[in-house]
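K.L.:
Structure file structure17.txt (compact mmCIF, C-alpha atoms and all ligand atoms) right here:
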```
# COMPACT_ATOMS: atom_id res chain seq x y z
CA MET A 1 77.29 112.45 93.25
CA ARG A 2 76.93 111.00 89.80
CA SER A 3 79.41 108.37 88.71
CA LEU A 4 82.21 109.49 86.44
CA ALA A 5 81.39 109.31 82.76
CA ALA A 6 83.53 107.12 80.51
CA ALA A 7 85.05 110.27 78.96
CA GLU A 8 86.15 111.50 82.40
CA GLN A 9 87.72 108.15 83.21
CA GLN A 10 89.53 108.19 79.87
CA PHE A 11 90.71 111.75 80.52
CA PHE A 12 92.17 110.69 83.88
CA ALA A 13 93.84 107.62 82.36
CA ALA A 14 95.52 109.77 79.68
CA GLN A 15 96.25 112.97 81.63
CA GLY A 16 96.75 111.64 85.18
CA TYR A 17 94.35 114.13 86.74
CA LEU A 18 90.72 115.24 86.72
CA ILE A 19 89.04 118.25 88.32
CA VAL A 20 85.54 117.64 89.64
CA ARG A 21 83.94 121.03 90.17
CA GLN A 22 81.80 121.81 93.21
CA MET A 23 81.89 118.35 94.76
CA ALA A 24 81.56 119.73 98.30
CA THR A 25 78.37 121.55 99.25
CA SER A 26 78.61 125.02 100.79
CA MET A 27 77.45 123.57 104.12
CA GLN A 28 80.20 120.91 104.08
CA LEU A 29 82.77 123.53 103.11
CA GLN A 30 81.75 125.84 105.91
CA LYS A 31 82.04 123.04 108.48
CA LEU A 32 85.41 121.83 107.21
CA ARG A 33 86.83 125.34 106.97
CA ASP A 34 85.62 126.20 110.50
CA VAL A 35 87.32 123.11 111.96
CA ALA A 36 90.55 123.88 110.08
CA GLU A 37 90.59 127.54 111.12
CA ARG A 38 89.86 126.68 114.75
CA GLN A 39 92.59 124.04 114.92
CA LEU A 40 95.09 126.34 113.22
CA CYS A 41 94.24 129.02 115.76
CA GLU A 42 94.76 126.58 118.63
CA ALA A 43 97.86 125.12 116.94
CA ARG A 44 96.38 121.69 117.66
CA GLN A 45 99.01 118.94 117.28
CA PRO A 46 100.18 117.04 115.29
CA LEU A 47 101.45 119.80 113.02
CA GLU A 48 104.11 120.25 110.38
CA TYR A 49 105.84 123.63 110.24
CA GLU A 50 107.53 125.37 107.34
CA ALA A 51 110.86 124.65 109.04
CA ASP A 52 110.09 120.89 108.94
CA VAL A 53 109.50 120.51 105.20
CA ALA A 54 113.15 121.02 104.20
CA TYR A 55 112.07 122.28 100.77
CA PRO A 56 114.40 124.65 98.94
CA GLY A 57 113.95 128.12 100.44
CA ALA A 58 112.23 126.84 103.59
CA PRO A 59 113.60 128.16 106.88
CA ALA A 60 116.22 125.92 108.49
CA GLY A 61 114.76 126.17 112.00
CA ARG A 62 111.52 127.13 113.78
CA ASP A 63 113.19 130.21 115.26
CA GLU A 64 114.08 131.53 111.78
CA ASP A 65 111.80 133.95 109.92
CA GLY A 66 108.62 132.03 108.97
CA GLY A 67 109.93 128.77 110.45
CA ALA A 68 107.08 128.42 112.95
CA THR A 69 104.39 128.95 110.29
CA ILE A 70 102.09 125.93 110.17
CA ARG A 71 102.31 124.12 106.84
CA ARG A 72 100.13 121.05 107.49
CA LEU A 73 97.51 119.95 110.01
CA LEU A 74 98.61 116.32 110.10
CA HIS A 75 96.41 113.23 110.65
CA ALA A 76 93.30 114.95 109.31
CA TYR A 77 91.28 111.72 109.38
CA GLN A 78 92.05 111.11 113.06
CA ARG A 79 91.81 114.75 114.19
CA HIS A 80 88.10 115.48 113.55
CA ALA A 81 84.93 113.55 112.65
CA ASP A 82 83.99 116.10 109.96
CA PHE A 83 87.34 115.54 108.21
CA ALA A 84 86.88 111.75 108.49
CA ASP A 85 83.31 111.95 107.14
CA TRP A 86 84.50 113.84 104.08
CA GLY A 87 87.20 111.26 103.34
CA ARG A 88 84.87 108.26 103.43
CA GLN A 89 81.67 109.66 101.92
CA SER A 90 80.39 107.85 98.86
CA ALA A 91 80.25 111.03 96.75
CA LEU A 92 84.04 111.14 96.93
CA ILE A 93 85.04 107.49 97.05
CA ARG A 94 82.78 106.26 94.26
CA PRO A 95 84.63 108.16 91.51
CA ILE A 96 88.00 107.22 92.99
CA ALA A 97 86.99 103.54 93.04
CA GLN A 98 86.08 103.89 89.36
CA LEU A 99 89.48 105.41 88.57
CA LEU A 100 91.29 102.62 90.42
CA ASP A 101 88.92 100.01 88.98
CA THR A 102 88.10 98.45 92.35
CA HIS A 103 85.19 97.84 94.71
CA ASP A 104 87.57 97.50 97.64
CA LEU A 105 89.13 100.87 98.46
CA ARG A 106 91.49 101.89 101.28
CA LEU A 107 92.02 105.43 102.61
CA VAL A 108 95.77 105.76 103.19
CA LEU A 109 96.65 107.20 106.59
CA ASN A 110 100.44 107.36 106.26
CA HIS A 111 100.64 109.89 103.39
CA HIS A 112 98.91 113.22 102.83
CA ASN A 113 95.96 112.73 105.25
CA CYS A 114 96.25 116.39 106.16
CA VAL A 115 95.05 119.93 105.68
CA MET A 116 97.67 121.66 103.53
CA THR A 117 98.02 125.34 104.31
CA LYS A 118 99.87 128.21 102.70
CA HIS A 119 100.00 131.38 104.74
CA PRO A 120 100.17 134.94 103.40
CA ARG A 121 103.20 136.13 105.31
CA PHE A 122 105.36 133.11 104.70
CA SER A 123 105.18 130.01 102.52
CA SER A 124 107.73 127.96 100.62
CA THR A 125 107.66 126.55 97.10
CA THR A 126 107.11 122.84 96.49
CA MET A 127 109.38 121.71 93.66
CA TRP A 128 108.39 119.29 90.90
CA HIS A 129 107.96 115.74 92.17
CA GLN A 130 106.00 112.50 91.88
CA ASP A 131 104.40 111.40 95.16
CA PHE A 132 105.04 107.70 94.64
CA ARG A 133 108.83 108.26 94.80
CA TYR A 134 108.35 109.00 98.52
CA TRP A 135 105.90 106.15 99.11
CA ARG A 136 106.32 102.35 99.19
CA PHE A 137 103.47 100.36 97.65
CA GLU A 138 103.44 97.31 95.39
CA GLN A 139 102.31 99.42 92.44
CA ASN A 140 102.38 103.07 91.46
CA ALA A 141 98.61 103.41 91.20
CA LEU A 142 97.17 105.57 93.97
CA VAL A 143 94.79 108.49 93.66
CA THR A 144 94.93 111.69 95.70
CA ALA A 145 91.82 113.82 96.29
CA TRP A 146 92.67 117.48 96.91
CA LEU A 147 89.62 119.40 98.15
CA ALA A 148 90.05 123.18 97.91
CA LEU A 149 88.60 124.74 101.08
CA THR A 150 89.59 128.18 99.80
CA ARG A 151 90.20 129.63 96.36
CA GLU A 152 93.43 128.40 94.68
CA THR A 153 94.86 130.74 92.07
CA ALA A 154 98.31 131.22 90.54
CA ARG A 155 99.06 134.08 92.96
CA LYS A 156 97.96 131.93 95.86
CA GLY A 157 100.38 129.13 94.90
CA CYS A 158 97.91 126.72 93.30
CA MET A 159 99.02 123.31 92.07
CA ARG A 160 100.86 123.02 88.76
CA LEU A 161 100.65 119.73 86.87
CA ILE A 162 102.33 118.12 83.89
CA PRO A 163 99.51 116.33 82.08
CA GLY A 164 100.32 112.77 81.08
CA SER A 165 103.57 112.65 83.10
CA HIS A 166 102.28 109.73 85.20
CA ALA A 167 102.54 107.57 82.09
CA VAL A 168 106.05 108.66 81.05
CA SER A 169 108.94 106.40 82.02
CA LEU A 170 111.40 108.62 83.92
CA ASP A 171 114.78 107.31 84.96
CA GLN A 172 115.95 108.02 88.54
CA SER A 173 118.82 110.09 87.05
CA ARG A 174 116.25 112.75 86.11
CA PHE A 175 115.61 113.36 89.82
CA ASP A 176 117.93 114.84 92.46
CA GLU A 177 118.93 113.11 95.70
CA ALA A 178 115.76 114.40 97.40
CA SER A 179 113.67 112.96 94.50
CA PHE A 180 112.76 116.38 93.07
CA PHE A 181 112.63 116.56 89.25
CA ARG A 182 115.85 118.21 88.12
CA THR A 183 115.38 121.64 86.51
CA ASP A 184 118.90 121.70 85.00
CA LEU A 185 118.25 118.98 82.38
CA PRO A 186 116.98 120.09 78.93
CA GLU A 187 114.82 116.95 78.59
CA ASN A 188 113.15 117.77 81.94
CA ARG A 189 112.64 121.39 80.95
CA ALA A 190 110.86 120.25 77.77
CA LEU A 191 108.38 118.35 79.93
CA MET A 192 108.01 121.27 82.37
CA HIS A 193 106.99 123.54 79.46
CA GLN A 194 103.82 121.48 79.19
CA ALA A 195 102.76 122.35 82.75
CA LEU A 196 99.37 123.83 83.51
CA ARG A 197 97.90 125.47 86.59
CA ALA A 198 95.04 123.77 88.40
CA GLU A 199 93.08 126.81 89.57
CA LEU A 200 90.30 125.76 91.93
CA GLU A 201 87.25 127.33 93.53
CA PRO A 202 86.28 126.30 97.07
CA GLY A 203 84.51 122.93 96.84
CA ASP A 204 86.37 121.77 93.72
CA VAL A 205 88.27 118.48 93.97
CA LEU A 206 91.47 117.80 92.07
CA LEU A 207 92.00 114.05 91.62
CA PHE A 208 95.51 113.07 90.59
CA HIS A 209 97.60 109.96 90.04
CA SER A 210 100.56 109.22 92.35
CA GLY A 211 102.91 109.32 89.35
CA LEU A 212 101.83 112.76 88.12
CA LEU A 213 104.59 115.40 88.24
CA HIS A 214 103.32 118.37 90.23
CA ALA A 215 104.60 121.48 91.99
CA ALA A 216 103.18 124.51 93.79
CA GLY A 217 104.34 128.06 94.37
CA ARG A 218 104.20 130.47 97.28
CA ASN A 219 101.09 132.23 98.45
CA GLN A 220 101.49 135.88 97.40
CA THR A 221 98.05 137.01 98.55
CA GLU A 222 96.71 138.21 101.90
CA GLU A 223 94.43 135.18 102.28
CA ARG A 224 95.26 131.77 103.71
CA LYS A 225 95.08 128.76 101.35
CA LEU A 226 93.59 125.57 102.79
CA ALA A 227 93.05 122.16 101.19
CA LEU A 228 91.95 118.84 102.70
CA VAL A 229 94.01 116.09 101.08
CA TYR A 230 93.58 112.30 101.19
CA THR A 231 95.11 109.47 99.16
CA TYR A 232 93.44 106.18 98.24
CA ARG A 233 94.60 102.79 97.01
CA SER A 234 92.88 99.59 95.99
CA ALA A 235 93.02 96.85 98.64
CA SER A 236 95.16 94.78 96.29
CA ASN A 237 97.90 97.45 96.14
CA SER A 238 99.46 96.84 99.55
CA PRO A 239 102.09 98.95 101.28
CA LEU A 240 105.48 97.24 101.54
CA PRO A 241 105.95 95.82 105.06
CA GLY A 242 108.39 97.66 107.31
CA THR A 243 108.26 100.92 105.31
CA ARG A 244 106.83 104.36 106.14
CA SER A 245 103.82 103.45 104.00
CA SER A 246 102.79 100.67 106.41
CA VAL A 247 103.17 102.34 109.83
CA ILE A 248 99.43 102.90 110.48
CA SER A 249 96.78 100.54 109.07
CA ASP A 250 94.75 102.14 106.32
CA ILE A 251 90.97 102.58 106.53
CA ALA A 252 88.93 99.94 104.72
CA LEU A 253 85.96 101.61 103.08
CA SER A 254 82.86 99.49 102.82
CA ALA A 255 82.28 97.92 99.43
CA VAL A 256 82.03 100.74 96.93
CA GLN A 257 79.33 100.24 94.27
O1 LIG A 301 102.93 123.08 98.13
C1 LIG A 301 101.89 122.50 97.94
O2 LIG A 301 100.81 122.96 98.25
C2 LIG A 301 101.92 121.13 97.27
C3 LIG A 301 102.20 120.01 98.24
C4 LIG A 301 102.50 118.73 97.52
O3 LIG A 301 102.63 118.67 96.33
C5 LIG A 301 102.65 117.49 98.26
O4 LIG A 301 102.60 117.49 99.50
O5 LIG A 301 102.83 116.43 97.60
```
As structure tokens, please, write out the structure in this file.
P.N.:
Amino acid sequence: MRSLAAAEQQFFAAQGYLIVRQMATSMQLQKLRDVAERQLCEARQPLEYEADVAYPGAPAGRDEDGGATIRRLLHAYQRHADFADWGRQSALIRPIAQLLDTHDLRLVLNHHNCVMTKHPRFSSTTMWHQDFRYWRFEQNALVTAWLALTRETARKGCMRLIPGSHAVSLDQSRFDEASFFRTDLPENRALMHQALRAELEPGDVLLFHSGLLHAAGRNQTEERKLALVYTYRSASNSPLPGTRSSVISDIALSAVQ
């Protein structure tokens, strides 16, 4: 993997996201997809179900329609060596280290660290939010790497992003009690009009800032959507002690050049 060009780093700084096309090779993709499919088939724990997400429109219990649909294969890093290898390989962590301006990177185990799935028969919508509102770190400066294992299109519920929103100062009053961005406020709607869809091919990686407003729809196709998702921080941006961001120690990645 080449290093990111200055123009790409500037794009990320201004827009809060960057799509790196075809970062994973077809051999890597095949391996990662096989592991994910096998573990979904076996319902290998730990899992999160649609009933657990508590998003608007999600089933209230596992015995309700769609409630037992798997939404996330949790603890991706710990669940298989191929997933772990992807998360710490230099082709991925070098550009992230550039974006965070550090040589000392940590892979966060307490957030994301999962295979996100959206199933054809049932999937719920993820409303607009900023990840850092659910996390507890000294600074709002983390980067998430979303590797598409399958195609992500609008009909499949791909990610939607509001470019530049990571750099906008947004008062807590613009969010509801569950920290979703309120859709009833005209000033929020003005921002939402600027949203774009991040359509991805398998192997593409979407890098995005922890302050970027994002959302995702339902999967309306007959094909499963799978993405391997990790978040990174610089060693100097520590989780706050005693919070859900500090439960498991993060992975120190060897000095990134
Ligand atoms: O529904 C989705 O695929 C998006 C998930 C998401 O935005 C998140 O977990 O932060």
K.L.:
Name the closest residue to His129 of chain A among the candidates A:Val247, A:Ala43, A:Leu213, A:Leu4; distances are taken between atoms, counting all atoms listed in the file.
P.N.:
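Among the listed residues, A:Leu213 lies closest to His129 of chain A.
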K.L.:
Given a cut-off of 8 Å, what residues near ligand LIG 301 (chain A) show up using only C-alpha atoms and all ligand atoms, put as a list in words?
P.N.:
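Residues lying within 8 Å of ligand LIG 301 (chain A): His112, Met116, Thr117, Lys118, Ser124, Thr125, Thr126, Met127, Trp128, His129, Gln130, Asp131, Gly157, Cys158, Met159, His214, Ala215, Ala216, Gly217 and Arg218 of chain A.
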K.L.:
For Leu18 of chain A, which of A:Leu161, A:Arg121, A:Gln220, A:Asp176 is the closest residue, counting only C-alpha atoms?
P.N.:
A:Leu161
K.L.:
One decimal, in Å: what's the spacing between atom CA of Ala97 of chain A and atom CA of Arg160 of chain A?
P.N.:
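A separation of 24.3 Å between them.
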K.L.:
Find the residues around Tyr49 of chain A up to 12 Å (all atoms listed in the file counted), leave out those fewer than 2 positions away in its own chain, and share them as a ChimeraX atom specification.
P.N.:
/A:40,43,45-47,51-55,58-74,116-119,122-124
K.L.:
List the neighbours of His111 of chain A out to 9 Å using only C-alpha atoms; skip same-chain residues closer than 6 positions along the sequence, and give me the result as a ChimeraX atom specification.
P.N.:
/A:135,230-231,244-245
K.L.:
Using all atoms listed in the file, what does the table of segment 10-104 of chain A residues within 6 Å of segment 200-205 of chain A look like, with each row giving the shortest atom pair and its distance in Å to one decimal, sorted by chain and ascending number, as a Markdown table?
P.N.:
```
| residue | atom | partner | partner_atom | distance |
| --- | --- | --- | --- | --- |
| A:Ile19 | CA | A:Val205 | CA | 5.7 |
| A:Val20 | CA | A:Val205 | CA | 5.2 |
| A:Arg21 | CA | A:Asp204 | CA | 4.4 |
| A:Gln22 | CA | A:Asp204 | CA | 4.6 |
| A:Met23 | CA | A:Gly203 | CA | 5.7 |
| A:Ala24 | CA | A:Gly203 | CA | 4.6 |
```
K.L.:
So which one's closest to Thr144 of chain A, A:Asp82, A:Gln194, A:Ser169, A:Gly16? Using only C-alpha atoms, please.
P.N.:
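Ranked by minimum distance to Thr144 of chain A, first place goes to A:Gly16.
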K.L.:
Within 6 Å of Ser210 of chain A, counting only C-alpha atoms, which residues qualify if same-chain residues fewer than 3 places away don't, as a PDB file with C-alpha atoms, keeping the file's coordinate frame?
P.N.:
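Saved the output as around.pdb:
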```pdb
ATOM      1  CA  ASP A 131     104.400 111.400  95.160  1.00  0.00           C
ATOM      2  CA  PHE A 132     105.040 107.700  94.640  1.00  0.00           C
ATOM      3  CA  LEU A 142      97.170 105.570  93.970  1.00  0.00           C
ATOM      4  CA  VAL A 143      94.790 108.490  93.660  1.00  0.00           C
TER       5      VAL A 143
END
```
K.L.:
So, with all atoms listed in the file as the atoms that count, which of A:Leu207, A:Leu105, A:Leu185, A:Met27 lies closest to Ile251 of chain A?
P.N.:
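Looking only at the distances to Ile251 of chain A, the closest residue turns out to be A:Leu105.
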K.L.:
Out of A:Leu147, A:Ala154, A:Leu99, A:Ile162, which residue has the shortest atom-to-atom distance to Phe181 of chain A when counting only C-alpha atoms?
P.N.:
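Ranking A:Leu147, A:Ala154, A:Leu99, A:Ile162 by distance to Phe181 of chain A, first place goes to A:Ile162.
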K.L.:
What's the separation between atom CA of Arg33 of chain A and atom CA of Ala252 of chain A, in Å to one decimal place?
P.N.:
25.6 Å
K.L.:
Please determine, counting only C-alpha atoms, which residue among A:Thr183, A:Thr25, A:Ser249, A:Gln98 has the shortest atom-to-atom distance to Gln9 of chain A.
P.N.:
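Once distances to Gln9 of chain A are computed over only C-alpha atoms, the minimum belongs to A:Gln98.
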K.L.:
May I ask for the distance between atom CA of Thr221 of chain A and atom CA of Ser179 of chain A, given in Å to one decimal place?
P.N.:
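Spanning atom CA of Thr221 of chain A to atom CA of Ser179 of chain A is a straight-line distance of 29.0 Å.
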K.L.:
Could you pull the residues within 8 Å of Gly87 of chain A, counting all atoms listed in the file, minus those fewer than 6 positions along the same chain, as a JSON list (two decimals) with C-alpha atoms, in the coordinates of the input?
P.N.:
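around38.json written:
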```json
[["chain", "number", "residue", "atom", "x", "y", "z"],
["A", 77, "TYR", "CA", 91.28, 111.72, 109.38],
["A", 93, "ILE", "CA", 85.04, 107.49, 97.05],
["A", 107, "LEU", "CA", 92.02, 105.43, 102.61],
["A", 230, "TYR", "CA", 93.58, 112.30, 101.19]]
```
K.L.:
Need the shell around Ser3 of chain A: protein/DNA/RNA residues with any atom at most 9 Å away, counting only C-alpha atoms. Skip same-chain ones fewer than 4 positions apart. Format as a list in words?
P.N.:
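Using only C-alpha atoms, the neighbours found are Ala91, Arg94, Pro95 and Gln98 of chain A.
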K.L.:
Would you mind writing segment 173-189 of chain A with N, CA and C atoms, as a PDB file, in the frame of the given file?
P.N.:
```pdb
ATOM      1  N   SER A 173     117.789 109.059  87.281  1.00  0.00           N
ATOM      2  CA  SER A 173     118.820 110.090  87.050  1.00  0.00           C
ATOM      3  C   SER A 173     118.198 111.455  86.717  1.00  0.00           C
ATOM      4  N   ARG A 174     116.914 111.475  86.411  1.00  0.00           N
ATOM      5  CA  ARG A 174     116.250 112.750  86.110  1.00  0.00           C
ATOM      6  C   ARG A 174     115.740 113.440  87.382  1.00  0.00           C
ATOM      7  N   PHE A 175     116.024 112.814  88.524  1.00  0.00           N
ATOM      8  CA  PHE A 175     115.610 113.360  89.820  1.00  0.00           C
ATOM      9  C   PHE A 175     116.845 113.597  90.679  1.00  0.00           C
ATOM     10  N   ASP A 176     116.773 114.584  91.584  1.00  0.00           N
ATOM     11  CA  ASP A 176     117.930 114.840  92.460  1.00  0.00           C
ATOM     12  C   ASP A 176     117.896 113.883  93.651  1.00  0.00           C
ATOM     13  N   GLU A 177     118.819 114.077  94.579  1.00  0.00           N
ATOM     14  CA  GLU A 177     118.930 113.110  95.700  1.00  0.00           C
ATOM     15  C   GLU A 177     117.732 113.197  96.638  1.00  0.00           C
ATOM     16  N   ALA A 178     116.977 114.301  96.581  1.00  0.00           N
ATOM     17  CA  ALA A 178     115.760 114.400  97.400  1.00  0.00           C
ATOM     18  C   ALA A 178     114.519 114.014  96.579  1.00  0.00           C
ATOM     19  N   SER A 179     114.738 113.418  95.406  1.00  0.00           N
ATOM     20  CA  SER A 179     113.670 112.960  94.500  1.00  0.00           C
ATOM     21  C   SER A 179     112.843 114.095  93.894  1.00  0.00           C
ATOM     22  N   PHE A 180     113.404 115.308  93.839  1.00  0.00           N
ATOM     23  CA  PHE A 180     112.760 116.380  93.070  1.00  0.00           C
ATOM     24  C   PHE A 180     113.230 116.275  91.619  1.00  0.00           C
ATOM     25  N   PHE A 181     112.346 116.600  90.688  1.00  0.00           N
ATOM     26  CA  PHE A 181     112.630 116.560  89.250  1.00  0.00           C
ATOM     27  C   PHE A 181     113.642 117.652  88.931  1.00  0.00           C
ATOM     28  N   ARG A 182     114.762 117.249  88.317  1.00  0.00           N
ATOM     29  CA  ARG A 182     115.850 118.210  88.120  1.00  0.00           C
ATOM     30  C   ARG A 182     115.483 119.272  87.078  1.00  0.00           C
ATOM     31  N   THR A 183     115.741 120.536  87.425  1.00  0.00           N
ATOM     32  CA  THR A 183     115.380 121.640  86.510  1.00  0.00           C
ATOM     33  C   THR A 183     116.543 122.000  85.601  1.00  0.00           C
ATOM     34  N   ASP A 184     117.716 121.359  85.807  1.00  0.00           N
ATOM     35  CA  ASP A 184     118.900 121.700  85.000  1.00  0.00           C
ATOM     36  C   ASP A 184     118.986 120.859  83.727  1.00  0.00           C
ATOM     37  N   LEU A 185     118.146 119.870  83.550  1.00  0.00           N
ATOM     38  CA  LEU A 185     118.250 118.980  82.380  1.00  0.00           C
ATOM     39  C   LEU A 185     117.311 119.451  81.272  1.00  0.00           C
ATOM     40  N   PRO A 186     117.833 119.626  80.039  1.00  0.00           N
ATOM     41  CA  PRO A 186     116.980 120.090  78.930  1.00  0.00           C
ATOM     42  C   PRO A 186     115.763 119.185  78.708  1.00  0.00           C
ATOM     43  N   GLU A 187     115.960 117.851  78.840  1.00  0.00           N
ATOM     44  CA  GLU A 187     114.820 116.950  78.590  1.00  0.00           C
ATOM     45  C   GLU A 187     113.734 117.122  79.673  1.00  0.00           C
ATOM     46  N   ASN A 188     114.147 117.494  80.889  1.00  0.00           N
ATOM     47  CA  ASN A 188     113.150 117.770  81.940  1.00  0.00           C
ATOM     48  C   ASN A 188     112.447 119.093  81.666  1.00  0.00           C
ATOM     49  N   ARG A 189     113.237 120.060  81.201  1.00  0.00           N
ATOM     50  CA  ARG A 189     112.640 121.390  80.950  1.00  0.00           C
ATOM     51  C   ARG A 189     111.590 121.295  79.843  1.00  0.00           C
TER      52      ARG A 189
END
```
